Amino acid sequence: MKKILVVLTGGTIGSQVEGESVRVTDSSPMRLMELYERSYGQVERGMKEEFEVIQPMSILSENMGLKSWTHLCRIMWEIPYENYAGVIVTHGSDTLSYTSALLGLLLCHVEVPVVLTASNYPLGEKGSNGLKNFRSAVELIHTGLLKGVFTVYQNGKGENNVYLATRLTEADGYLDQFGGFGGVPFGRMCRGEFQYDPAAVNPTVSQVREKRARIADHSPSFEKSIVFLKPYPGFDYESVDLSRKPAAVLQDLYHSSTACVEGESSSILWLLEKCKKADIPVYTASVKDASGRNYETARRVLERGAIPMENISPEAAYSKLLLLYNLYGNRAGERMSETYYFEHLPKSVNIL
């Protein structure tokens with residue numbers, strides 16, 4: 001049996017409690033492996049799990065930035081995947097959905113399962129799901145059923161959900177519950193078996209197993225930035241500083257694919273005009289159907305030159321822009337409409 005490679009990056013799953021603070025140290029992530037050995041050291045057939053462990057970083061994921069992502073992507077790119085049954089990446093929960101989307105796109109071609117996971121509370125604390133999440137990741141790899149990039153995380157109901165990495169959405173700030181863009185996970189782990197969710201938005205298991213081309217021939221260095229804007233009533237676009245000239249601007253939209261088009265600097269139209277003069281492309285996400293029936297406000301945004309990204313989560317849209325602009329520079333726009341790893345969902349049936 002091939003080994004499972006474990007890539008430890010820190011986060012709550014690799015942290016410890018010191019007084020009133022939760023923090024990571026160079027040694028704390030290894031506690032996960034020690035606890036797993038105690039709880040699951042012998043699998044049902046009496047065979048011992050074989051792990052190889054590396055620790056390229058040890059940080060809380062809210063501190064994950066472009067330098068950290070550059071380092072992590074390089075590590076993940078250079079792994080000889082054919083030598084392993086699969087790879088598990090432990091990560092903090094705060095930015096888990098972003099790193100999941102990024103690695104889902106970058107590693108879309110990988111022929112073994114790459115599984116990201118995290119923990120709601122430090123290991124050993126009451127209610128912590130970290131050890132169960134790690135166990136689900138191991139079990140998913142052992143099924144031998146899937147290949148590609150996934151995220152596993154147990155919800156508050158005790159369901160061990162499996163998400164396509166490009167469809168995980170950020171956890172809410174009260175219950176710490178993750179979601180799947182489109183409303184459902186790809187499936188879940190139950191008693192060591194993968195149970196597929198046949199929802200209309202999900203690809204089939206056969207489609208997930210299909211061979212996919214690489215998104216690039218090298219790992220990126222994230223030197224070009226993307227400005228990511230979220231809408232809210234009263235947003236002042238004049239306060240957005242574009243003097244450092246980002247590679248692109250991503251404007252998140254309300255659920256109806258709309259943004260404010262009235263007022264002066266409170267209107268996205270003001271931003272579009274400013275970016276046009278500075279030769280900065282503006283992308284909008286998520287757009288349900290750019291060529292179909294839309295609200296008048298949404299239509300005006302598109303008519304003014306916004307580039308629509310259809311049926312994609314904010315995390316995947318941001319990660320895709322960041323990845324492609326740092327891989328392909330000004331040619332990134334030519335590749336933006338391609339779907340690399342299920343990041344674009346089918347057109348919604350709930351359009352006006």
# chains A, B, ... in the order shown; residues from 1 in each chain; ligands from 1
>>> residues_around(residues="range 170-185 of chain A", least_positions_apart="5", cutoff="10 Å", atoms="only C-alpha atoms", output="PyMOL selection string")
chain A and resi 93-98+119-121+151-156+160-165+196-202+311-316+343-346+348
>>> residues_around(residues="Ile280 in chain A", least_positions_apart="5", cutoff="9 Å", atoms="only C-alpha atoms", output="NGL selection string")
:A and (242 or 245-249 or 272 or 274-275)
>>> residues_around(residues="range 328-331 of chain A", least_positions_apart="6", cutoff="12 Å", atoms="only C-alpha atoms", output="compact mmCIF listing (two decimals) with N, CA and C atoms, in the first residue's frame")
# COMPACT_ATOMS: atom_id res chain seq x y z
N ILE A 215 -3.33 23.34 -15.76
CA ILE A 215 -3.65 24.74 -15.97
C ILE A 215 -2.42 25.51 -16.42
N ALA A 216 -1.23 24.97 -16.13
CA ALA A 216 0.03 25.62 -16.51
C ALA A 216 1.14 24.57 -16.45
N ASP A 217 2.33 24.99 -16.84
CA ASP A 217 3.47 24.09 -16.77
C ASP A 217 4.43 24.44 -15.63
N HIS A 218 3.99 25.36 -14.75
CA HIS A 218 4.82 25.74 -13.61
C HIS A 218 3.93 26.33 -12.52
N SER A 219 4.48 26.40 -11.32
CA SER A 219 3.77 27.01 -10.21
C SER A 219 3.97 28.52 -10.23
N PRO A 220 2.95 29.30 -9.86
CA PRO A 220 3.08 30.76 -9.96
C PRO A 220 3.80 31.39 -8.77
N SER A 221 4.32 32.56 -9.00
CA SER A 221 4.78 33.44 -7.93
C SER A 221 3.80 34.61 -7.91
N PHE A 222 3.10 34.78 -6.79
CA PHE A 222 2.01 35.74 -6.74
C PHE A 222 2.55 37.15 -6.49
N GLU A 223 2.89 37.81 -7.58
CA GLU A 223 3.41 39.17 -7.51
C GLU A 223 2.38 40.20 -7.96
N LYS A 224 1.46 39.79 -8.82
CA LYS A 224 0.37 40.67 -9.27
C LYS A 224 -0.82 40.47 -8.34
N SER A 225 -1.45 41.56 -7.93
CA SER A 225 -2.56 41.48 -7.00
C SER A 225 -3.91 41.66 -7.69
N PRO A 246 -3.55 47.23 -9.70
CA PRO A 246 -3.69 45.77 -9.63
C PRO A 246 -3.87 45.17 -11.02
N ALA A 247 -3.67 43.87 -11.13
CA ALA A 247 -3.86 43.20 -12.41
C ALA A 247 -5.32 43.26 -12.85
N ALA A 248 -6.21 43.22 -11.87
CA ALA A 248 -7.65 43.27 -12.17
C ALA A 248 -8.40 43.61 -10.90
N ASP A 279 -6.91 51.35 -17.57
CA ASP A 279 -6.68 50.08 -18.26
C ASP A 279 -6.60 48.91 -17.28
N ILE A 280 -7.54 48.89 -16.34
CA ILE A 280 -7.64 47.80 -15.36
C ILE A 280 -8.95 47.07 -15.61
N PRO A 281 -8.94 45.78 -15.96
CA PRO A 281 -10.18 45.05 -16.20
C PRO A 281 -10.97 44.85 -14.91
N LYS A 320 -9.17 32.19 -9.13
CA LYS A 320 -8.95 31.98 -10.57
C LYS A 320 -8.29 33.21 -11.19
N LEU A 321 -8.76 34.39 -10.84
CA LEU A 321 -8.15 35.62 -11.36
C LEU A 321 -6.70 35.74 -10.90
N LEU A 322 -6.48 35.51 -9.62
CA LEU A 322 -5.12 35.63 -9.08
C LEU A 322 -4.18 34.65 -9.76
>>> atom_distance(atom1="CA of Glu139 in chain A", atom2="CA of Gly104 in chain A")
19.5 Å
>>> atom_distance(atom1="CA of Leu5 in chain A", atom2="CA of Lys132 in chain A")
17.7 Å
>>> atom_distance(atom1="CA of Leu146 in chain A", atom2="CA of Ile54 in chain A")
23.2 Å
>>> closest_residue(among="A:Phe228, A:Arg135, A:Gly65, A:Ala213", to="Val110 in chain A", atoms="only C-alpha atoms")
A:Ala213
>>> residues_around(residues="Ser319 in chain A", least_positions_apart="4", cutoff="9 Å", atoms="only C-alpha atoms", output="list in words")
Tyr98, Thr99, Ala101, Leu102, Leu103, Leu105, Pro314, Glu315, Leu323 and Leu324 of chain A
>>> select_by_dssp(residues="range 156-229 of chain A", states="strand (DSSP E or B)", output="JSON, numbers by chain")
{"A": [160, 161, 162, 163, 164, 168, 169, 179, 180, 187, 188, 189, 190, 193, 194, 195, 196, 226, 227, 228, 229]}
>>> write_last_selection(atoms="N, CA and C atoms", output="tab-separated table (two decimals), in the first residue's frame")
chain	number	residue	atom	x	y	z
A	160	ASN	N	-20.07	14.07	7.63
A	160	ASN	CA	-18.70	14.27	7.17
A	160	ASN	C	-18.72	14.63	5.69
A	161	ASN	N	-18.94	15.90	5.41
A	161	ASN	CA	-19.17	16.35	4.04
A	161	ASN	C	-17.88	16.38	3.22
A	162	VAL	N	-18.03	16.05	1.94
A	162	VAL	CA	-16.93	16.10	0.97
A	162	VAL	C	-17.31	17.14	-0.08
A	163	TYR	N	-16.47	18.17	-0.23
A	163	TYR	CA	-16.73	19.23	-1.20
A	163	TYR	C	-15.70	19.20	-2.31
A	164	LEU	N	-16.13	19.49	-3.54
A	164	LEU	CA	-15.17	19.82	-4.58
A	164	LEU	C	-14.45	21.08	-4.13
A	168	LEU	N	-16.20	25.03	-2.16
A	168	LEU	CA	-16.35	25.28	-0.73
A	168	LEU	C	-16.56	26.77	-0.51
A	169	THR	N	-17.53	27.12	0.33
A	169	THR	CA	-17.77	28.53	0.64
A	169	THR	C	-17.44	28.80	2.11
A	179	GLY	N	-20.20	25.83	3.71
A	179	GLY	CA	-21.23	25.47	2.76
A	179	GLY	C	-20.63	25.08	1.43
A	180	GLY	N	-21.48	24.62	0.54
A	180	GLY	CA	-21.06	24.29	-0.81
A	180	GLY	C	-21.76	25.24	-1.77
A	187	GLY	N	-20.62	15.11	-1.73
A	187	GLY	CA	-21.02	13.85	-1.11
A	187	GLY	C	-20.60	13.87	0.34
A	188	ARG	N	-20.54	12.70	0.95
A	188	ARG	CA	-20.08	12.63	2.35
A	188	ARG	C	-19.49	11.27	2.62
A	189	MET	N	-18.67	11.20	3.66
A	189	MET	CA	-18.10	9.94	4.11
A	189	MET	C	-18.97	9.36	5.21
A	190	CYS	N	-19.29	8.08	5.09
A	190	CYS	CA	-20.12	7.41	6.09
A	190	CYS	C	-19.60	5.99	6.29
A	193	GLU	N	-17.14	4.78	3.72
A	193	GLU	CA	-17.58	4.74	2.33
A	193	GLU	C	-17.96	6.14	1.85
A	194	PHE	N	-17.70	6.42	0.58
A	194	PHE	CA	-18.09	7.69	0.00
A	194	PHE	C	-19.50	7.58	-0.53
A	195	GLN	N	-20.37	8.50	-0.10
A	195	GLN	CA	-21.74	8.54	-0.59
A	195	GLN	C	-21.92	9.78	-1.46
A	196	TYR	N	-22.11	9.56	-2.72
A	196	TYR	CA	-22.24	10.65	-3.70
A	196	TYR	C	-23.60	11.34	-3.57
A	226	ILE	N	-4.95	41.19	-7.03
A	226	ILE	CA	-6.33	41.38	-7.46
A	226	ILE	C	-7.06	42.14	-6.36
A	227	VAL	N	-7.71	43.24	-6.69
A	227	VAL	CA	-8.53	43.95	-5.72
A	227	VAL	C	-9.92	43.32	-5.70
A	228	PHE	N	-10.35	42.90	-4.52
A	228	PHE	CA	-11.61	42.18	-4.36
A	228	PHE	C	-12.57	43.05	-3.55
A	229	LEU	N	-13.68	43.45	-4.16
A	229	LEU	CA	-14.63	44.35	-3.53
A	229	LEU	C	-15.96	43.64	-3.27
>>> residues_around(residues="Cys260 in chain A", least_positions_apart="4", cutoff="12 Å", atoms="only C-alpha atoms", output="list in words")
Lys230, Pro231, Tyr232, Pro233, Gly234, Phe235, Asp236, Tyr237, Gln251, Asp252, Leu253, Tyr254, Ser256, Glu264, Ser265, Ser266, Ser267, Ile268, Leu269, Trp270, Leu271, Tyr295, Glu296, Thr297, Ala298, Arg299, Arg300 and Val301 of chain A
>>> write_last_selection(atoms="N, CA and C atoms", output="short mmCIF file (atom, residue, chain, number, x, y, z; two decimals), in the first residue's frame")
data_model
loop_
_atom_site.label_atom_id
_atom_site.label_comp_id
_atom_site.auth_asym_id
_atom_site.auth_seq_id
_atom_site.Cartn_x
_atom_site.Cartn_y
_atom_site.Cartn_z
N LYS A 230 -16.48 43.82 -2.07
CA LYS A 230 -17.78 43.25 -1.72
C LYS A 230 -18.81 44.38 -1.59
N PRO A 231 -20.00 44.19 -2.13
CA PRO A 231 -20.99 45.29 -2.13
C PRO A 231 -21.71 45.42 -0.79
N TYR A 232 -22.06 46.65 -0.47
CA TYR A 232 -22.94 46.92 0.65
C TYR A 232 -23.53 48.31 0.44
N PRO A 233 -24.70 48.59 1.02
CA PRO A 233 -25.31 49.90 0.82
C PRO A 233 -24.38 51.02 1.33
N GLY A 234 -24.13 51.98 0.47
CA GLY A 234 -23.29 53.09 0.85
C GLY A 234 -21.82 52.93 0.52
N PHE A 235 -21.46 51.86 -0.20
CA PHE A 235 -20.06 51.67 -0.57
C PHE A 235 -19.55 52.89 -1.35
N ASP A 236 -18.39 53.40 -0.96
CA ASP A 236 -17.81 54.57 -1.61
C ASP A 236 -16.66 54.13 -2.50
N TYR A 237 -16.92 54.02 -3.80
CA TYR A 237 -15.88 53.56 -4.73
C TYR A 237 -14.72 54.54 -4.83
N GLN A 251 -15.38 42.47 -8.59
CA GLN A 251 -16.52 43.00 -7.86
C GLN A 251 -17.48 41.87 -7.55
N ASP A 252 -17.61 41.53 -6.28
CA ASP A 252 -18.63 40.58 -5.85
C ASP A 252 -19.99 41.24 -6.08
N LEU A 253 -21.01 40.43 -6.32
CA LEU A 253 -22.34 40.94 -6.60
C LEU A 253 -23.34 40.46 -5.56
N TYR A 254 -24.47 41.17 -5.47
CA TYR A 254 -25.58 40.64 -4.69
C TYR A 254 -26.10 39.37 -5.37
N SER A 256 -28.68 38.57 -6.80
CA SER A 256 -29.41 38.74 -8.05
C SER A 256 -28.51 39.16 -9.20
N GLU A 264 -23.15 58.98 -7.26
CA GLU A 264 -21.88 59.27 -7.92
C GLU A 264 -20.87 58.18 -7.58
N SER A 265 -20.08 58.37 -6.56
CA SER A 265 -19.05 57.38 -6.25
C SER A 265 -19.62 56.14 -5.56
N SER A 266 -20.93 56.11 -5.30
CA SER A 266 -21.55 54.90 -4.75
C SER A 266 -21.95 53.92 -5.85
N SER A 267 -21.77 54.30 -7.10
CA SER A 267 -22.18 53.48 -8.25
C SER A 267 -20.98 52.71 -8.80
N ILE A 268 -21.21 51.45 -9.10
CA ILE A 268 -20.15 50.65 -9.74
C ILE A 268 -19.81 51.21 -11.12
N LEU A 269 -20.73 51.94 -11.72
CA LEU A 269 -20.44 52.55 -13.02
C LEU A 269 -19.29 53.56 -12.90
N TRP A 270 -19.22 54.25 -11.77
CA TRP A 270 -18.10 55.17 -11.50
C TRP A 270 -16.79 54.39 -11.48
N LEU A 271 -16.81 53.22 -10.81
CA LEU A 271 -15.60 52.39 -10.75
C LEU A 271 -15.20 51.91 -12.14
N TYR A 295 -31.87 41.85 -14.44
CA TYR A 295 -32.34 43.14 -13.95
C TYR A 295 -31.70 44.27 -14.76
N GLU A 296 -32.40 45.38 -14.85
CA GLU A 296 -31.86 46.52 -15.58
C GLU A 296 -30.51 46.95 -15.01
N THR A 297 -30.38 46.92 -13.70
CA THR A 297 -29.11 47.32 -13.07
C THR A 297 -27.98 46.40 -13.50
N ALA A 298 -28.25 45.10 -13.54
CA ALA A 298 -27.22 44.14 -13.96
C ALA A 298 -26.85 44.35 -15.42
N ARG A 299 -27.83 44.66 -16.23
CA ARG A 299 -27.58 44.88 -17.65
C ARG A 299 -26.69 46.10 -17.87
N ARG A 300 -26.94 47.15 -17.11
CA ARG A 300 -26.14 48.36 -17.24
C ARG A 300 -24.69 48.13 -16.86
N VAL A 301 -24.47 47.30 -15.87
CA VAL A 301 -23.09 46.98 -15.45
C VAL A 301 -22.36 46.26 -16.59
#
>>> residues_around(residues="Ser291 in chain A", least_positions_apart="4", cutoff="10 Å", atoms="only C-alpha atoms", output="PyMOL selection string")
chain A and resi 287+299+302+308
>>> write_last_selection(atoms="C-alpha atoms", output="tab-separated table (two decimals), in the first residue's frame")
chain	number	residue	atom	x	y	z
A	287	VAL	CA	-23.43	36.31	-12.77
A	299	ARG	CA	-27.58	44.88	-17.65
A	302	LEU	CA	-22.40	44.58	-18.32
A	308	PRO	CA	-18.94	38.51	-16.13
>>> residues_around(residues="Ile88 in chain A", least_positions_apart="5", cutoff="10 Å", atoms="only C-alpha atoms", output="mmCIF file with N, CA and C atoms, in the first residue's frame")
data_model
loop_
_atom_site.group_PDB
_atom_site.id
_atom_site.type_symbol
_atom_site.label_atom_id
_atom_site.label_comp_id
_atom_site.auth_asym_id
_atom_site.auth_seq_id
_atom_site.Cartn_x
_atom_site.Cartn_y
_atom_site.Cartn_z
ATOM 1 N N ILE A 4 0.378 7.806 2.437
ATOM 2 C CA ILE A 4 -0.347 9.067 2.307
ATOM 3 C C ILE A 4 0.596 10.174 2.747
ATOM 4 N N LEU A 5 0.757 11.187 1.906
ATOM 5 C CA LEU A 5 1.578 12.341 2.266
ATOM 6 C C LEU A 5 0.705 13.341 3.009
ATOM 7 N N VAL A 6 1.166 13.792 4.168
ATOM 8 C CA VAL A 6 0.450 14.783 4.966
ATOM 9 C C VAL A 6 1.250 16.082 4.947
ATOM 10 N N VAL A 7 0.601 17.150 4.502
ATOM 11 C CA VAL A 7 1.233 18.471 4.429
ATOM 12 C C VAL A 7 0.617 19.332 5.529
ATOM 13 N N LEU A 8 1.379 19.615 6.561
ATOM 14 C CA LEU A 8 0.904 20.388 7.708
ATOM 15 C C LEU A 8 1.217 21.866 7.500
ATOM 16 N N PHE A 51 2.154 6.948 6.752
ATOM 17 C CA PHE A 51 2.156 8.373 6.462
ATOM 18 C C PHE A 51 3.579 8.865 6.237
ATOM 19 N N VAL A 53 5.173 12.778 6.438
ATOM 20 C CA VAL A 53 4.724 14.080 6.919
ATOM 21 C C VAL A 53 5.741 15.156 6.584
ATOM 22 N N PRO A 113 -6.233 11.625 -5.084
ATOM 23 C CA PRO A 113 -6.977 12.613 -4.303
ATOM 24 C C PRO A 113 -6.061 13.492 -3.461
ATOM 25 N N VAL A 114 -6.277 14.795 -3.554
ATOM 26 C CA VAL A 114 -5.644 15.773 -2.678
ATOM 27 C C VAL A 114 -6.765 16.324 -1.812
ATOM 28 N N VAL A 115 -6.661 16.168 -0.496
ATOM 29 C CA VAL A 115 -7.773 16.470 0.399
ATOM 30 C C VAL A 115 -7.349 17.509 1.435
ATOM 31 N N LEU A 116 -8.036 18.641 1.443
ATOM 32 C CA LEU A 116 -7.795 19.655 2.463
ATOM 33 C C LEU A 116 -8.763 19.461 3.613
ATOM 34 N N THR A 117 -8.303 19.762 4.820
ATOM 35 C CA THR A 117 -9.185 19.666 5.967
ATOM 36 C C THR A 117 -8.716 20.592 7.069
ATOM 37 N N PHE A 134 -9.777 14.641 9.794
ATOM 38 C CA PHE A 134 -8.570 14.001 9.266
ATOM 39 C C PHE A 134 -8.854 12.535 8.933
ATOM 40 N N ALA A 137 -10.637 12.294 5.690
ATOM 41 C CA ALA A 137 -9.707 12.503 4.574
ATOM 42 C C ALA A 137 -8.951 11.220 4.257
ATOM 43 N N VAL A 138 -8.498 10.527 5.286
ATOM 44 C CA VAL A 138 -7.791 9.249 5.095
ATOM 45 C C VAL A 138 -8.719 8.238 4.435
ATOM 46 N N ILE A 141 -9.334 8.853 0.711
ATOM 47 C CA ILE A 141 -8.200 8.397 -0.094
ATOM 48 C C ILE A 141 -8.229 6.878 -0.230
ATOM 49 N N VAL A 149 -9.071 17.386 -6.353
ATOM 50 C CA VAL A 149 -8.874 18.123 -5.106
ATOM 51 C C VAL A 149 -10.220 18.313 -4.395
ATOM 52 N N PHE A 150 -10.232 17.984 -3.105
ATOM 53 C CA PHE A 150 -11.457 17.996 -2.309
ATOM 54 C C PHE A 150 -11.183 18.626 -0.949
ATOM 55 N N THR A 151 -12.259 18.992 -0.286
ATOM 56 C CA THR A 151 -12.178 19.441 1.100
ATOM 57 C C THR A 151 -13.191 18.642 1.899
#
>>> decode(residues="range 93-112 of chain A", atoms="N, CA and C atoms", output="short mmCIF file (atom, residue, chain, number, x, y, z; two decimals), in the first residue's frame")
data_model
loop_
_atom_site.label_atom_id
_atom_site.label_comp_id
_atom_site.auth_asym_id
_atom_site.auth_seq_id
_atom_site.Cartn_x
_atom_site.Cartn_y
_atom_site.Cartn_z
N SER A 93 -9.14 27.15 9.33
CA SER A 93 -10.49 27.23 8.76
C SER A 93 -10.82 28.61 8.19
N ASP A 94 -10.18 29.67 8.68
CA ASP A 94 -10.57 31.02 8.25
C ASP A 94 -10.43 31.22 6.75
N THR A 95 -9.34 30.79 6.18
CA THR A 95 -9.12 30.97 4.74
C THR A 95 -9.12 29.64 3.99
N LEU A 96 -9.70 28.62 4.60
CA LEU A 96 -9.73 27.30 3.99
C LEU A 96 -10.41 27.32 2.62
N SER A 97 -11.51 28.07 2.50
CA SER A 97 -12.25 28.07 1.22
C SER A 97 -11.42 28.71 0.10
N TYR A 98 -10.57 29.67 0.45
CA TYR A 98 -9.73 30.31 -0.56
C TYR A 98 -8.59 29.39 -1.00
N THR A 99 -7.89 28.80 -0.04
CA THR A 99 -6.80 27.90 -0.41
C THR A 99 -7.34 26.67 -1.12
N SER A 100 -8.51 26.20 -0.72
CA SER A 100 -9.12 25.06 -1.40
C SER A 100 -9.36 25.38 -2.87
N ALA A 101 -9.95 26.55 -3.14
CA ALA A 101 -10.22 26.94 -4.53
C ALA A 101 -8.92 27.08 -5.31
N LEU A 102 -7.93 27.70 -4.70
CA LEU A 102 -6.65 27.91 -5.38
C LEU A 102 -6.00 26.59 -5.75
N LEU A 103 -5.92 25.66 -4.78
CA LEU A 103 -5.28 24.37 -5.07
C LEU A 103 -6.14 23.51 -5.98
N GLY A 104 -7.46 23.67 -5.89
CA GLY A 104 -8.33 22.94 -6.81
C GLY A 104 -8.04 23.28 -8.25
N LEU A 105 -7.78 24.55 -8.52
CA LEU A 105 -7.46 24.99 -9.88
C LEU A 105 -6.04 24.61 -10.27
N LEU A 106 -5.09 24.88 -9.39
CA LEU A 106 -3.68 24.64 -9.71
C LEU A 106 -3.40 23.16 -9.92
N LEU A 107 -4.06 22.31 -9.13
CA LEU A 107 -3.77 20.87 -9.16
C LEU A 107 -4.88 20.08 -9.84
N CYS A 108 -5.60 20.71 -10.75
CA CYS A 108 -6.75 20.05 -11.39
C CYS A 108 -6.36 18.78 -12.12
N HIS A 109 -5.09 18.67 -12.51
CA HIS A 109 -4.63 17.54 -13.32
C HIS A 109 -4.18 16.34 -12.49
N VAL A 110 -4.08 16.49 -11.18
CA VAL A 110 -3.47 15.45 -10.34
C VAL A 110 -4.32 14.18 -10.36
N GLU A 111 -3.64 13.04 -10.45
CA GLU A 111 -4.33 11.75 -10.65
C GLU A 111 -4.63 11.00 -9.36
N VAL A 112 -4.35 11.60 -8.20
CA VAL A 112 -4.71 11.00 -6.91
C VAL A 112 -5.51 12.04 -6.13
#
